[in-house]
Amino acid sequence: MTPLRSWWTRALKFLFPPETETWLAVLRVGLGLQVAAYALFLRSDWYYLFASSGKGLVGREIGDAITSFESPLIPTLSWLVALGRSVNMSEETVLSISWACLLSAGCFLLLGLFCRPAAIIAWFLHLCVAESGGLLAYGADNFMTTALFYLMLSPLPDRYSFDRWVVQSKPKNPQLLGFWRRVLQVHLCFVYFIGGLAKCLGSGWWNGSNLWHSLTRPPFNLVSPDILVRFHYALPVLGITICLLEVSYPIFIWMKKTRLVWLICILAMHAAIGLMMGLYLFALVMIVMNLAAFGIPYTNGCADGFKE
Amino acid sequence: MVSKAIYAAWFGIHFFLLTAVCLVGIFSLIAEGSTILPSACEKSAREAELVASWPLAKEAEASNPIRQGVSTYLHAAGIQAGYSFFAPNVPSQHRLTFELFYDDGRVEYESAHVRSGAAALRVSSLLDRLAEQRYEPIREVVVKMLALSVWREHPDVKKIHATFGSVNPPEMSEFENGKAETFQPMFSFDFSLRDEEKQ
């Protein structure tokens, strides 16, 4: 066997490990919860945030213009509003329907009902909202788009879904299931390595001052600074721990012996971010992605094709 | 085998683009001089950033179909931005305050507000973006729209003076000594019903 052929065989073995559908069920249910929570959290401000100029906070047109400059092919809420206008539907009605559809798509994903259409609708509507409100978006939006993009392309429905219960379709190709799990796993390795590397390049993560600034900076200042002062010795240790945990994630999360420890530490970090900084949606999407990628045990031991 | 090759090719392209996006982000931080690396690295980082951004076709004209195609794919997959959250250091918080002037001489202070905490997070994100150099061209328009949203709630206001600035929180030792946050104004605008004037 030539070296190139041998490399290709190893690459395919790494990319297509046989997998069960459990991880996909975790991703589907988790993202269903995420999409529903996203819609419910923004319910009272939905129209105000995404209405056109003169009716809302900033006006959707600014976000649309920035997106359109990037590429006119990126979907925005204005596409839906224009579509609604062609059938004499007001902007307010279109935005209300969009919100209801997003919430419904989240609930459908949660139940496993019409999994594929629900995943496509959730991805498309969330993308429209995130792009139109581009100036108002933050990290959680990018992760939601990515997670929904992968879910939409994954071999749905999984065996725990209502769809499978109603229509007795045959189980999905285990290697294809393994491929999409690999995509999610490799993606998370990128996320943490780059995030960790960028943090390592900042002086404030080594002496704890960045952790102090993160936790005292409005609107993330849920914990009283007086309490933080009491734990001032712990901040540098926690700052360094976060840097090392993230930058070494692509190594230790693959090793069987260290995987559980790294996963628990990462999940604890995101839970703490959610509870102490009020970044609930960000925390939830990261926890869901980590659990789906590395939380469910492999069907055939550790990552195939990957030397420990 | 063919379908596996197609999946593998997509995997390669997808993560190649993600690598480019992440490298652009990291090199950009170094080039801006916001890292602990020596300033001698900044020039090389700027050059490396240009090289890394080449596959993303950012330098091509806006109407270039390759640029549009790559950009659309990156946005659709949610990978158009890197992952350097709160890094290398935590960015300053920014505040936008509106001074509302009434005909009878009254002056009130107001800020752009929303109902839910989730939306407040997004407004904070918006204000932080306004401070960035790349958003300078739309800064005035955005502040004007925010002033308009306040105006709708206070229709009898004669004039609005908007002040945008960064909030510098105290370090932990300063906080222990009783020092409070300080506000550093960055720019301000005056808006009246008929016309607006930048100061």
# chains A, B, ... in the order shown; residues from 1 in each chain; ligands from 1

call {"tool": "residues_around", "arguments": {"residues": "Asp156 (chain B)", "least_positions_apart": "6", "cutoff": "12 Å", "atoms": "only C-alpha atoms", "output": "PDB file with N, CA and C atoms, in the first residue's frame"}}
result
ATOM      1  N   LEU B 100     -32.084  64.872  27.591  1.00  0.00           N
ATOM      2  CA  LEU B 100     -33.312  65.332  26.930  1.00  0.00           C
ATOM      3  C   LEU B 100     -33.638  66.751  27.381  1.00  0.00           C
ATOM      4  N   PHE B 101     -33.716  67.672  26.448  1.00  0.00           N
ATOM      5  CA  PHE B 101     -34.020  69.075  26.754  1.00  0.00           C
ATOM      6  C   PHE B 101     -35.459  69.376  26.374  1.00  0.00           C
ATOM      7  N   TYR B 102     -36.223  69.897  27.342  1.00  0.00           N
ATOM      8  CA  TYR B 102     -37.625  70.241  27.098  1.00  0.00           C
ATOM      9  C   TYR B 102     -37.769  71.753  26.908  1.00  0.00           C
ATOM     10  N   ASP B 103     -38.903  72.125  26.339  1.00  0.00           N
ATOM     11  CA  ASP B 103     -39.179  73.550  26.090  1.00  0.00           C
ATOM     12  C   ASP B 103     -39.171  74.377  27.366  1.00  0.00           C
ATOM     13  N   ASP B 104     -39.661  73.785  28.457  1.00  0.00           N
ATOM     14  CA  ASP B 104     -39.752  74.537  29.709  1.00  0.00           C
ATOM     15  C   ASP B 104     -38.427  74.562  30.476  1.00  0.00           C
ATOM     16  N   GLY B 105     -37.364  74.110  29.865  1.00  0.00           N
ATOM     17  CA  GLY B 105     -36.044  74.183  30.495  1.00  0.00           C
ATOM     18  C   GLY B 105     -35.655  72.937  31.276  1.00  0.00           C
ATOM     19  N   ARG B 106     -36.590  72.003  31.392  1.00  0.00           N
ATOM     20  CA  ARG B 106     -36.277  70.762  32.103  1.00  0.00           C
ATOM     21  C   ARG B 106     -35.231  69.955  31.341  1.00  0.00           C
ATOM     22  N   VAL B 107     -34.406  69.232  32.091  1.00  0.00           N
ATOM     23  CA  VAL B 107     -33.433  68.331  31.459  1.00  0.00           C
ATOM     24  C   VAL B 107     -33.558  66.958  32.127  1.00  0.00           C
ATOM     25  N   VAL B 150     -35.783  56.835  21.715  1.00  0.00           N
ATOM     26  CA  VAL B 150     -36.035  57.528  22.988  1.00  0.00           C
ATOM     27  C   VAL B 150     -37.049  58.640  22.761  1.00  0.00           C
ATOM     28  N   SER B 192     -31.962  67.597  16.947  1.00  0.00           N
ATOM     29  CA  SER B 192     -33.201  68.323  17.175  1.00  0.00           C
ATOM     30  C   SER B 192     -34.228  67.775  16.188  1.00  0.00           C
ATOM     31  N   LEU B 193     -35.468  68.194  16.334  1.00  0.00           N
ATOM     32  CA  LEU B 193     -36.526  67.575  15.532  1.00  0.00           C
ATOM     33  C   LEU B 193     -36.307  67.774  14.025  1.00  0.00           C
TER      34      LEU B 193
END

call {"tool": "select_by_dssp", "arguments": {"residues": "region 60-171 of chain B", "states": "helix (DSSP H, G or I)", "output": "MDAnalysis selection string"}}
result
chainID B and resid 65:76 117:130 133:153

call {"tool": "atom_distance", "arguments": {"atom1": "CA of Gly54 (chain A)", "atom2": "CA of Asp190 (chain B)"}}
result
18.1 Å

call {"tool": "interface_residues", "arguments": {"of": "chain B", "to": "chain A", "cutoff": "6 Å", "atoms": "only C-alpha atoms", "output": "PyMOL selection string"}}
result
chain B and resi 35-36+68+72+77-78+83-84+87-90+122+125-126+145-146+149

call {"tool": "write_last_selection", "arguments": {"atoms": "N, CA and C atoms", "output": "mmCIF file, in the first residue's frame"}}
result
data_model
loop_
_atom_site.group_PDB
_atom_site.id
_atom_site.type_symbol
_atom_site.label_atom_id
_atom_site.label_comp_id
_atom_site.auth_asym_id
_atom_site.auth_seq_id
_atom_site.Cartn_x
_atom_site.Cartn_y
_atom_site.Cartn_z
ATOM 1 N N THR B 35 -1.808 42.257 22.214
ATOM 2 C CA THR B 35 -1.375 41.025 22.888
ATOM 3 C C THR B 35 -0.070 41.260 23.649
ATOM 4 N N ILE B 36 0.384 40.227 24.335
ATOM 5 C CA ILE B 36 1.633 40.361 25.111
ATOM 6 C C ILE B 36 2.865 40.177 24.217
ATOM 7 N N GLN B 68 -18.677 36.648 -2.803
ATOM 8 C CA GLN B 68 -20.061 36.530 -2.323
ATOM 9 C C GLN B 68 -20.394 35.093 -1.924
ATOM 10 N N THR B 72 -21.282 34.028 1.791
ATOM 11 C CA THR B 72 -22.601 33.430 2.060
ATOM 12 C C THR B 72 -22.436 32.110 2.810
ATOM 13 N N ALA B 77 -23.010 28.956 7.704
ATOM 14 C CA ALA B 77 -22.478 27.972 8.652
ATOM 15 C C ALA B 77 -22.134 28.612 10.004
ATOM 16 N N GLY B 78 -22.299 29.921 10.102
ATOM 17 C CA GLY B 78 -22.011 30.611 11.375
ATOM 18 C C GLY B 78 -20.536 30.671 11.712
ATOM 19 N N TYR B 83 -13.080 32.986 17.246
ATOM 20 C CA TYR B 83 -13.605 32.629 18.568
ATOM 21 C C TYR B 83 -12.831 33.276 19.714
ATOM 22 N N SER B 84 -12.360 34.489 19.483
ATOM 23 C CA SER B 84 -11.569 35.145 20.534
ATOM 24 C C SER B 84 -12.457 36.004 21.438
ATOM 25 N N ALA B 87 -11.019 38.084 24.592
ATOM 26 C CA ALA B 87 -9.589 37.839 24.459
ATOM 27 C C ALA B 87 -9.010 38.796 23.407
ATOM 28 N N PRO B 88 -7.735 39.138 23.482
ATOM 29 C CA PRO B 88 -6.801 38.754 24.540
ATOM 30 C C PRO B 88 -7.141 39.385 25.891
ATOM 31 N N ASN B 89 -7.871 40.501 25.880
ATOM 32 C CA ASN B 89 -8.312 41.072 27.149
ATOM 33 C C ASN B 89 -9.787 41.436 27.064
ATOM 34 N N VAL B 90 -10.397 41.646 28.199
ATOM 35 C CA VAL B 90 -11.827 41.956 28.224
ATOM 36 C C VAL B 90 -12.025 43.389 27.699
ATOM 37 N N ARG B 122 -27.971 42.326 24.127
ATOM 38 C CA ARG B 122 -27.746 42.657 22.721
ATOM 39 C C ARG B 122 -27.499 44.149 22.541
ATOM 40 N N SER B 125 -24.005 44.736 23.396
ATOM 41 C CA SER B 125 -23.163 44.285 22.287
ATOM 42 C C SER B 125 -23.123 45.343 21.176
ATOM 43 N N LEU B 126 -24.262 45.955 20.923
ATOM 44 C CA LEU B 126 -24.360 47.012 19.908
ATOM 45 C C LEU B 126 -23.473 48.207 20.291
ATOM 46 N N MET B 145 -30.733 56.678 15.312
ATOM 47 C CA MET B 145 -31.871 55.762 15.431
ATOM 48 C C MET B 145 -32.193 55.473 16.898
ATOM 49 N N LEU B 146 -31.143 55.341 17.692
ATOM 50 C CA LEU B 146 -31.358 55.095 19.123
ATOM 51 C C LEU B 146 -32.008 56.329 19.778
ATOM 52 N N SER B 149 -35.597 56.337 19.005
ATOM 53 C CA SER B 149 -36.377 55.394 19.834
ATOM 54 C C SER B 149 -36.692 56.016 21.201
#

call {"tool": "residues_around", "arguments": {"residues": "region 264-273 of chain A", "least_positions_apart": "5", "cutoff": "9 Å", "atoms": "only C-alpha atoms", "output": "list in words"}}
result
Ile242, Leu245, Glu246, Tyr249, Arg259, Gly278, Leu279, Tyr280, Phe282, Ala283, Leu284, Met286, Ile287, Asn290 and Leu291 of chain A

call {"tool": "write_last_selection", "arguments": {"atoms": "C-alpha atoms", "output": "PDB file, in the first residue's frame"}}
result
ATOM      1  CA  ILE A 242      -9.361  28.577  31.745  1.00  0.00           C
ATOM      2  CA  LEU A 245      -8.229  24.086  29.689  1.00  0.00           C
ATOM      3  CA  GLU A 246      -9.219  25.684  26.393  1.00  0.00           C
ATOM      4  CA  TYR A 249      -8.868  20.832  24.714  1.00  0.00           C
ATOM      5  CA  ARG A 259     -11.793  12.992  28.235  1.00  0.00           C
ATOM      6  CA  GLY A 278     -26.273  35.782  32.755  1.00  0.00           C
ATOM      7  CA  LEU A 279     -25.164  34.361  29.387  1.00  0.00           C
ATOM      8  CA  TYR A 280     -27.760  31.587  29.550  1.00  0.00           C
ATOM      9  CA  PHE A 282     -24.435  30.969  25.213  1.00  0.00           C
ATOM     10  CA  ALA A 283     -23.936  28.517  28.057  1.00  0.00           C
ATOM     11  CA  LEU A 284     -26.756  26.254  26.907  1.00  0.00           C
ATOM     12  CA  MET A 286     -22.029  25.222  24.329  1.00  0.00           C
ATOM     13  CA  ILE A 287     -23.144  22.593  26.830  1.00  0.00           C
ATOM     14  CA  ASN A 290     -20.100  19.445  24.043  1.00  0.00           C
ATOM     15  CA  LEU A 291     -22.492  16.798  25.318  1.00  0.00           C
TER      16      LEU A 291
END

call {"tool": "residues_around", "arguments": {"residues": "Ser98 (chain A)", "least_positions_apart": "6", "cutoff": "9 Å", "atoms": "only C-alpha atoms", "output": "PyMOL selection string"}}
result
chain A and resi 77+80+125
